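Following: one structure in structure tokens, then a few remarks.
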Amino acid sequence: MSTKKPKKSTGRLGKPGSSKKAGLPPGSLIHIGSIKTENTTIDLISYDAENFEVFTQMNGTDVLQKTLKGRKNWIKVTGLQNTKVIGELADALGLHPLLTEDILNTGQRPKAEIGEGFIFFTMKAISPSEEEGDFTTDQVSFVLREDALITFHERDLPIFDVVYNRMQIPDGRFRSSGLDYLMYALTDIMVDHYFRVMEDMAELIDASEDALMKHSSENTLVETQQIKKDLLLIRKTVFPLREALSTLIKTDSVLINPSQRTYFTDVYDHVMHIYETIENYRDLVSGLKDIYHSSVNLRMSKVMQTLTIISTIFIPLTFIVGVYGMNFDFMPELHFRFGYLAVWVVMLLITIYMIREFRKNNWL
Amino acid sequence: MSTKKPKKSTGRLGKPGSSKKAGLPPGSLIHIGSIKTENTTIDLISYDAENFEVFTQMNGTDVLQKTLKGRKNWIKVTGLQNTKVIGELADALGLHPLLTEDILNTGQRPKAEIGEGFIFFTMKAISPSEEEGDFTTDQVSFVLREDALITFHERDLPIFDVVYNRMQIPDGRFRSSGLDYLMYALTDIMVDHYFRVMEDMAELIDASEDALMKHSSENTLVETQQIKKDLLLIRKTVFPLREALSTLIKTDSVLINPSQRTYFTDVYDHVMHIYETIENYRDLVSGLKDIYHSSVNLRMSKVMQTLTIISTIFIPLTFIVGVYGMNFDFMPELHFRFGYLAVWVVMLLITIYMIREFRKNNWL
Amino acid sequence: MSTKKPKKSTGRLGKPGSSKKAGLPPGSLIHIGSIKTENTTIDLISYDAENFEVFTQMNGTDVLQKTLKGRKNWIKVTGLQNTKVIGELADALGLHPLLTEDILNTGQRPKAEIGEGFIFFTMKAISPSEEEGDFTTDQVSFVLREDALITFHERDLPIFDVVYNRMQIPDGRFRSSGLDYLMYALTDIMVDHYFRVMEDMAELIDASEDALMKHSSENTLVETQQIKKDLLLIRKTVFPLREALSTLIKTDSVLINPSQRTYFTDVYDHVMHIYETIENYRDLVSGLKDIYHSSVNLRMSKVMQTLTIISTIFIPLTFIVGVYGMNFDFMPELHFRFGYLAVWVVMLLITIYMIREFRKNNWL
Amino acid sequence: MSTKKPKKSTGRLGKPGSSKKAGLPPGSLIHIGSIKTENTTIDLISYDAENFEVFTQMNGTDVLQKTLKGRKNWIKVTGLQNTKVIGELADALGLHPLLTEDILNTGQRPKAEIGEGFIFFTMKAISPSEEEGDFTTDQVSFVLREDALITFHERDLPIFDVVYNRMQIPDGRFRSSGLDYLMYALTDIMVDHYFRVMEDMAELIDASEDALMKHSSENTLVETQQIKKDLLLIRKTVFPLREALSTLIKTDSVLINPSQRTYFTDVYDHVMHIYETIENYRDLVSGLKDIYHSSVNLRMSKVMQTLTIISTIFIPLTFIVGVYGMNFDFMPELHFRFGYLAVWVVMLLITIYMIREFRKNNWL
Amino acid sequence: MSTKKPKKSTGRLGKPGSSKKAGLPPGSLIHIGSIKTENTTIDLISYDAENFEVFTQMNGTDVLQKTLKGRKNWIKVTGLQNTKVIGELADALGLHPLLTEDILNTGQRPKAEIGEGFIFFTMKAISPSEEEGDFTTDQVSFVLREDALITFHERDLPIFDVVYNRMQIPDGRFRSSGLDYLMYALTDIMVDHYFRVMEDMAELIDASEDALMKHSSENTLVETQQIKKDLLLIRKTVFPLREALSTLIKTDSVLINPSQRTYFTDVYDHVMHIYETIENYRDLVSGLKDIYHSSVNLRMSKVMQTLTIISTIFIPLTFIVGVYGMNFDFMPELHFRFGYLAVWVVMLLITIYMIREFRKNNWL
């Protein structure tokens, strides 16, 4: 039994969140997550219909003075280790210490909170990684204010490049729309990537099903358990997101223009769609297990059948030849002219009878 | 183990939706779905109590000018590839870009949206295909306005012919009723076809059960998994439809006449009925799996029993004859007059005893 | 494997409803169901505190003129094939065509609808049939108006006789109560019969459990699947009934006297009781399957044990006697005086050792 | 297979309720339940802060005149067979016939009903019976009026003695509190006994688990099924009780003093606690089944392993000795000096090799 | 089968609560729980921005007079055996007897109650114990009043030390915040420890999965059942906590400052997070069982295969050599020159054919 240990361990699901901070005062600023970049960098993208300026490598409190009134400002905070910088920035933004904690703790449940003068929103970006069937998650937190949208993530997310590129188009929608549209666009791109991951899952389930049809190695079952884990992980990400998006849609905060609510409703529909797909996939995966078990059973049943056919034919025959191998002085058959031939005929008849019986029972 | 790969693969369930557009700006017009017709054609059916006129092969923006005030106009858009034409038509209708996107993305969840001056509604038509037990799904989107009902679908749907034929009857209900009644009739015909598909499923389940009673090939289990997948697919179609229809029923939009709401309530009841039937079928299918497993087990148990009966009778006998096949110089029994006969008698007694024991245990 | 095909097939659950009418205009009057009587007959029972008159064999529109003002009138429509008669009656009653359709389609979900001047209510009567454990369902539709209660059913229902008999008692409750009480009494008698069917189910489950304790034939599992199907069928009948009764209880229609609502609440409680019982039974039935599987497994395990014991004892002994059946020129043991005896002693010791081992492992 | 039939049959769960009355007019007074006492006796306990009087063997209508205004009166009706007496009493109390029916039908779902001038409440008392792990259920119905609390039960309930004793304490809480407190105290004592039964269940589950660890007889599975049935039975009792208690808590009837509502809320919390415990136990019981199945499987796997080891070693050896038992004229090996010894050496080497292989595979 | 009895028995889940008090008047003060300290000690921590004083070993009623107006007072009651002291203190605090009972009954469901002038809140502290994978639960009850926060627990909880230490920091948050913040901090620290326990569970699940991959001892399944039990236990603790915290968040009591509600919302989010994680873990544990069963089956299938291969090859060969061991007078083959060689060749060919067949079937 060679069971290739799958590369992802249960441990991934195993981190339920924030125990690292147990014992620290609430609101303590500790980065909880894997360190994905070396530094915390802050970029400012300041734009309006006419202008598009990018300032990189800003420092924490500085950036807020640099934001230009009248323009839309996207402050991109990449890397969460430098808790001091982030703490100062959060203070300058007037965030509650608990929200700053949520930004830094990448095991946070997706949620939205409507504050005075700002909207806080955090969700997970799931992107397929290079290895097939694998994916990575990143926590992305948003603070939407009247003058700026601040995003926090552990590393530079390539999936945001599309948005960045589109923002540079002079007459594009971004330039004329508000920061709520930018936030929607980033949210939408993340949810679109959920679909991609779901497609990968679908392919994995298909591949597992095909593999199970051909041969039932135990590896397939382990892979099935892995798919199940991944589905649970995505579900854990998607389930609270419904609630969070619903908060954004229902809010009467002026920060989200009523005309933009349609966009968030659209994202919400996509999330519902993914959620229902996850539930269906979980059902299918449990069906795969049934197929696996049944194929192991069927195989065993075939092995047993072979054994039984061979044994049932030859054991009686072996008994018969054993009889005439006995050394009794008085065994008249041994001296019959056609005794030997008769034994062969009898054995042949028995064999034919047996084979017929097997045929009748569909064993052959 | 010859496992005929079933014709439908998991892939069908596997397409969770709109990933193709990931990276494109929201509202980008891309047709997502299988191309089912070569061109996008627009037909206009303009009718009232006295008149019934059909204009075919219209082009996008043209059609709206052709609609005759005072008459009811059904604009049938068949084929979704020509996104430019559909985009222009949608703009002329004043649809939100996201709704246009929903029309073009055939993986869209059924939904209804009440806009200003229009009602948007999208659902799936399921029609049994030629191959038994198989079916195809088509997305049908409706835009209901005061002067026109616009329908969008990837191909000409034969199930709509019935409605078309009935519309031509001069004193028919259609001619005197509004466009909301036309929309209801089309919705109703689609839901009626759900029942047909459910009947096919019922026959498949029956057939599988009968097949399982007779012989338990692994194919049957694979078919069972396929039925399960199909049920999940239909459920995914029906589940959000409840919500969408409920929106139509509860709306106070003037576009749906209060007296027509009864009709939509009736459709809603049918959908509920189908939903409950799906849940029952899923239960039955899981019961089929139990029967399958048990029949494999029972079969194995019978095989084992045969082996055990044969072995248990003949192995001891073979031992006895082996004893008297030994070549010891001093084996008094060998020289007894009735030694050989005695051995046969002993063996017969043992066999009789064994058979009795088996009878007692119900093994024979 | 002789599997007696159970008399009821999945097909019963398989009819999800109204596909027969697919393609027909909504509201088309077609009787969907098994034809249970040859004709459609209409009886009128006209009664008040003093009078009790029965008119049989009325024709459709006639009956409404015969109803006597001031009296309570029960119009009993038996047989649904003559759609013309029923259509005319329904029109005369002012029923919406969709309700008429519901009356004729016996696969209709139980439902209640409060109309202007009438209450429409439809449910299923389940009555145990002659064959034990079997039952038949009939759809009963009610139209309650101020002057009359009209009931529609496919055949004369014997379970209503009790009500009919009691109505004839001059000072009985029926004579002094309104038509809402009559409707309640009919509903109540139908729900009471659900309890009877549930009792039959309980006996079937008991019998199956006892059968499983004694011997595990595959038939028992098939019966278990049948019980499951029946439970699903009843559940499908009972589940929407809760909703329908709730509508009757909550209505402020003058047709149901507030003082009568207690009665319908009582029926509702009974329906809830049945619903919970069904859920419990489903749980028990799945437990039966576990017992079945385990008893098949246990049996197989016993068969294997027998085989193993016999094989493990005799195979080594057979080897030993085989050794001394060899024909080597030089085999000193063969010529020993007590060689033959020694072999017997050795074999006896081996056998004793084996039996002890089996005892230790609880195999004997 | 000796399966001791467990003393409790499914039949207990099997009585879904009131079918005995099917065909009788609603409100017909029939006692449905097992007859537990020979007579219906009515006791009156009349008390206030100073007085405590007990009148036994009252007759139905009499008792109401005996109740002393200004005092609190507990009317205890024991035994439900004498439906005439109970009917008269119920009429005198002004109960709706349906409620009287509920009192007499001991299969009634727990429920509370707030009437004009009275509160009706019915629940089940579960008391552990002498036989370990077994318990009996009694239906207790309450009618709370301003002047009296009437309780109905099939037999004298020993669990009420505690309350009775405490009532006699002159300065006790009972004497100064109202009848609502008495009703609470009786309810509370019944719910407390649910905990006792749950503790017995916990011990049974523990015992079953321990038994399964040691040996897997089929009896254990049957016991597990029995535990499951008992849990379902208790759940059926507890589930609707939540609703009934909630009705009592939320009522604004003057019969329950707002200050007493805390008490009923406390009972409600206990009921919730029991409900959650039941759900957990059901989960555990299904886990027991898994352990059972796995231990049967493991045992079979060990049996098979033994068979395989013995067979795999001796079958080839038996073949070898068979070879040299052949009687060919020309078999040179037979005449070799060390032929016999060589065969033994070869057989020994084969045996050693086999044993090593088994060791490597962890079979030995 | 050596099954090491796991140290924790089902009994732990088995204590559903308060049966010990069955038969006692409601509100009777009995300590229900394991005795964890010898005495009941009362400590008073009195602090404000400037002061921090600790008074130990107070007696019950005394402590309330010692609380200094204007200061915040934390009254820590450790040990619940001395019911008299606790009863007096509770009376002095004006607690309802039922709440006092809840404090003393450590099997109480987590709950919050908003009283007049106080808030009562009780939950469980779960702390990992020394033994790996094990943990202990303590009930902690809070009474929050304007002048004091009283906490009740069975033993000194080390997890509160962190809070105690931080309170001593002169300019710390505690000194400037109210008692609601103290209550939050204690609640938060307990929930943070839930995460720690969940991490331990995750490691146990990982370890079980790894163990199952390597070898499938029955112990692993027993451990899996134990993990399931622990998850159920935690769920039982966490599930009602959601409700209790929700009560605290929604209350409009002045005792919890609106600005502090964010803190309790944060705890609520953590509890939701844990709850979802528990559900996921339960799913994973049931997946482990599947892997276990499949690995037992696979192993058995391999054992059977070995047996079948050996038997299928050697049983026919043994028959052949048996044939030529017969002693018939007339067996011409025995006298052929190459008879013996021919037999060997035939046997070799059979063996080669068999091995090829096995290869084809993937059995070798």
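By order in the structure tokens, chains are A, B, ...; within a chain, residues start at 1; ligands start at 1, following the order shown.
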
Apply DSSP to the backbone of this structure and, from stretch 27-276 of chain D, keep only the residues in strand (DSSP E); write these as a count of residues only. 53

Would you give me, as a list in words, the residues of chain E that come within 12 Å of chain B, using only C-alpha atoms? Met304, Thr308, Ile315, Thr318, Phe319, Gly322, Gly325, Met326, Asn327, Lys360, Asn361 and Asn362 of chain E

What lies within 7 Å of stretch 39-51 of chain E using only C-alpha atoms, ignoring chain neighbours under 6 positions off, as an MDAnalysis selection string? chainID E and resid 57:59 67 71:82 175:176

Please return, as a compact mmCIF listing (two decimals) with N, CA and C atoms, in the first residue's frame, all residues of stretch 13-178 of chain E that DSSP assigns to alpha helix (DSSP H) on the basis of the backbone.
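Contents of states-v6.txt, freshly written:
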```
# COMPACT_ATOMS: atom_id res chain seq x y z
N LEU E 13 -20.19 13.41 28.13
CA LEU E 13 -21.33 13.99 27.43
C LEU E 13 -22.62 13.61 28.12
N GLY E 14 -22.50 12.54 28.87
CA GLY E 14 -23.68 11.92 29.42
C GLY E 14 -24.40 12.70 30.49
N ASP E 62 -20.56 40.81 53.60
CA ASP E 62 -19.58 41.84 53.88
C ASP E 62 -19.11 42.58 52.64
N VAL E 63 -18.85 41.78 51.62
CA VAL E 63 -18.17 42.31 50.46
C VAL E 63 -18.94 43.45 49.80
N LEU E 64 -20.25 43.39 49.89
CA LEU E 64 -21.04 44.43 49.23
C LEU E 64 -20.88 45.77 49.93
N GLN E 65 -20.69 45.72 51.23
CA GLN E 65 -20.47 46.99 51.93
C GLN E 65 -19.08 47.55 51.66
N LYS E 66 -18.16 46.65 51.39
CA LYS E 66 -16.79 47.08 51.13
C LYS E 66 -16.61 47.77 49.78
N THR E 83 -22.82 26.71 49.62
CA THR E 83 -24.03 27.28 49.03
C THR E 83 -24.65 28.33 49.94
N LYS E 84 -24.38 28.22 51.23
CA LYS E 84 -24.96 29.19 52.14
C LYS E 84 -24.40 30.59 51.86
N VAL E 85 -23.06 30.66 51.79
CA VAL E 85 -22.42 31.94 51.51
C VAL E 85 -22.91 32.51 50.18
N ILE E 86 -22.91 31.64 49.18
CA ILE E 86 -23.31 32.11 47.86
C ILE E 86 -24.78 32.52 47.85
N GLY E 87 -25.58 31.76 48.57
CA GLY E 87 -27.00 32.10 48.68
C GLY E 87 -27.20 33.47 49.30
N GLU E 88 -26.47 33.75 50.38
CA GLU E 88 -26.60 35.05 51.03
C GLU E 88 -26.15 36.18 50.12
N LEU E 89 -25.03 35.92 49.46
CA LEU E 89 -24.52 36.94 48.53
C LEU E 89 -25.54 37.21 47.42
N ALA E 90 -26.08 36.13 46.88
CA ALA E 90 -27.06 36.27 45.81
C ALA E 90 -28.28 37.04 46.29
N ASP E 91 -28.72 36.73 47.51
CA ASP E 91 -29.88 37.45 48.06
C ASP E 91 -29.55 38.93 48.19
N ALA E 92 -28.34 39.20 48.71
CA ALA E 92 -27.93 40.59 48.88
C ALA E 92 -27.88 41.31 47.52
N LEU E 93 -27.53 40.56 46.48
CA LEU E 93 -27.48 41.16 45.13
C LEU E 93 -28.87 41.26 44.51
N PRO E 97 -34.00 33.48 42.76
CA PRO E 97 -33.47 32.17 43.18
C PRO E 97 -33.07 31.27 42.01
N LEU E 98 -33.80 31.38 40.91
CA LEU E 98 -33.48 30.51 39.77
C LEU E 98 -32.11 30.83 39.19
N LEU E 99 -31.73 32.11 39.23
CA LEU E 99 -30.41 32.49 38.73
C LEU E 99 -29.33 31.95 39.65
N THR E 100 -29.58 32.04 40.96
CA THR E 100 -28.63 31.48 41.92
C THR E 100 -28.44 30.00 41.65
N GLU E 101 -29.56 29.33 41.36
CA GLU E 101 -29.50 27.91 41.01
C GLU E 101 -28.63 27.70 39.77
N ASP E 102 -28.79 28.56 38.78
CA ASP E 102 -27.99 28.45 37.55
C ASP E 102 -26.51 28.60 37.83
N ILE E 103 -26.19 29.50 38.76
CA ILE E 103 -24.78 29.71 39.11
C ILE E 103 -24.19 28.43 39.71
N LEU E 104 -25.00 27.77 40.54
CA LEU E 104 -24.49 26.61 41.28
C LEU E 104 -24.50 25.34 40.43
N ASP E 161 -5.60 35.25 34.70
CA ASP E 161 -4.43 35.96 35.22
C ASP E 161 -4.01 37.09 34.30
N VAL E 162 -4.08 36.83 32.99
CA VAL E 162 -3.67 37.83 32.02
C VAL E 162 -4.46 39.12 32.24
N VAL E 163 -5.74 38.97 32.44
CA VAL E 163 -6.60 40.14 32.65
C VAL E 163 -6.19 40.84 33.96
N TYR E 164 -6.00 40.02 34.97
CA TYR E 164 -5.63 40.56 36.28
C TYR E 164 -4.35 41.37 36.18
N ASN E 165 -3.38 40.80 35.45
CA ASN E 165 -2.10 41.50 35.31
C ASN E 165 -2.28 42.82 34.58
N ARG E 166 -3.05 42.79 33.53
CA ARG E 166 -3.21 44.01 32.76
C ARG E 166 -3.96 45.10 33.53
N MET E 167 -4.83 44.66 34.44
CA MET E 167 -5.58 45.64 35.23
C MET E 167 -4.67 46.47 36.13
N ARG E 173 -5.99 50.35 29.67
CA ARG E 173 -7.35 50.54 29.20
C ARG E 173 -8.38 50.20 30.28
N PHE E 174 -8.05 49.20 31.09
CA PHE E 174 -9.00 48.72 32.10
C PHE E 174 -9.35 49.82 33.09
N ARG E 175 -8.32 50.56 33.48
CA ARG E 175 -8.51 51.56 34.52
C ARG E 175 -9.46 52.66 34.06
N SER E 176 -9.39 52.96 32.76
CA SER E 176 -10.27 54.04 32.28
C SER E 176 -11.61 53.54 31.76
```

Separation of atom CA of B:Ile278 from atom CA of A:Tyr194 in Å: 27.6 Å

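Counting from atom CA of E:Asn105, the distance to atom CA of D:Asp180 is 24.6 Å.
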
Wanna dump the stretch 157-230 of chain C-stretch 209-214 of chain B contacts at 12 Å for me, each residue with its shortest atom pair and the distance in Å to one decimal, counting only C-alpha atoms, ordered by chain and number, as JSON lines?
```
{"residue": "C:Glu218", "atom": "CA", "partner": "B:Met213", "partner_atom": "CA", "distance": 9.2}
{"residue": "C:Asn219", "atom": "CA", "partner": "B:Met213", "partner_atom": "CA", "distance": 9.6}
{"residue": "C:Leu221", "atom": "CA", "partner": "B:Met213", "partner_atom": "CA", "distance": 10.8}
{"residue": "C:Val222", "atom": "CA", "partner": "B:Met213", "partner_atom": "CA", "distance": 8.7}
{"residue": "C:Gln225", "atom": "CA", "partner": "B:Glu209", "partner_atom": "CA", "distance": 10.1}
{"residue": "C:Gln226", "atom": "CA", "partner": "B:Glu209", "partner_atom": "CA", "distance": 11.2}
```

If we count only C-alpha atoms and set the cut-off at 12 Å, which residues sit around B:Thr262, ignoring sequence neighbours fewer than 2 positions away in its own chain? Please answer as a ChimeraX atom specification. /B:180-181,184,245-246,248-250,256-260,264-269 /C:26-27,95-99,113-115

Quote the spacing between atom CA of C:Pro316 and atom CA of C:Phe328 in Å to one decimal place. 20.7 Å
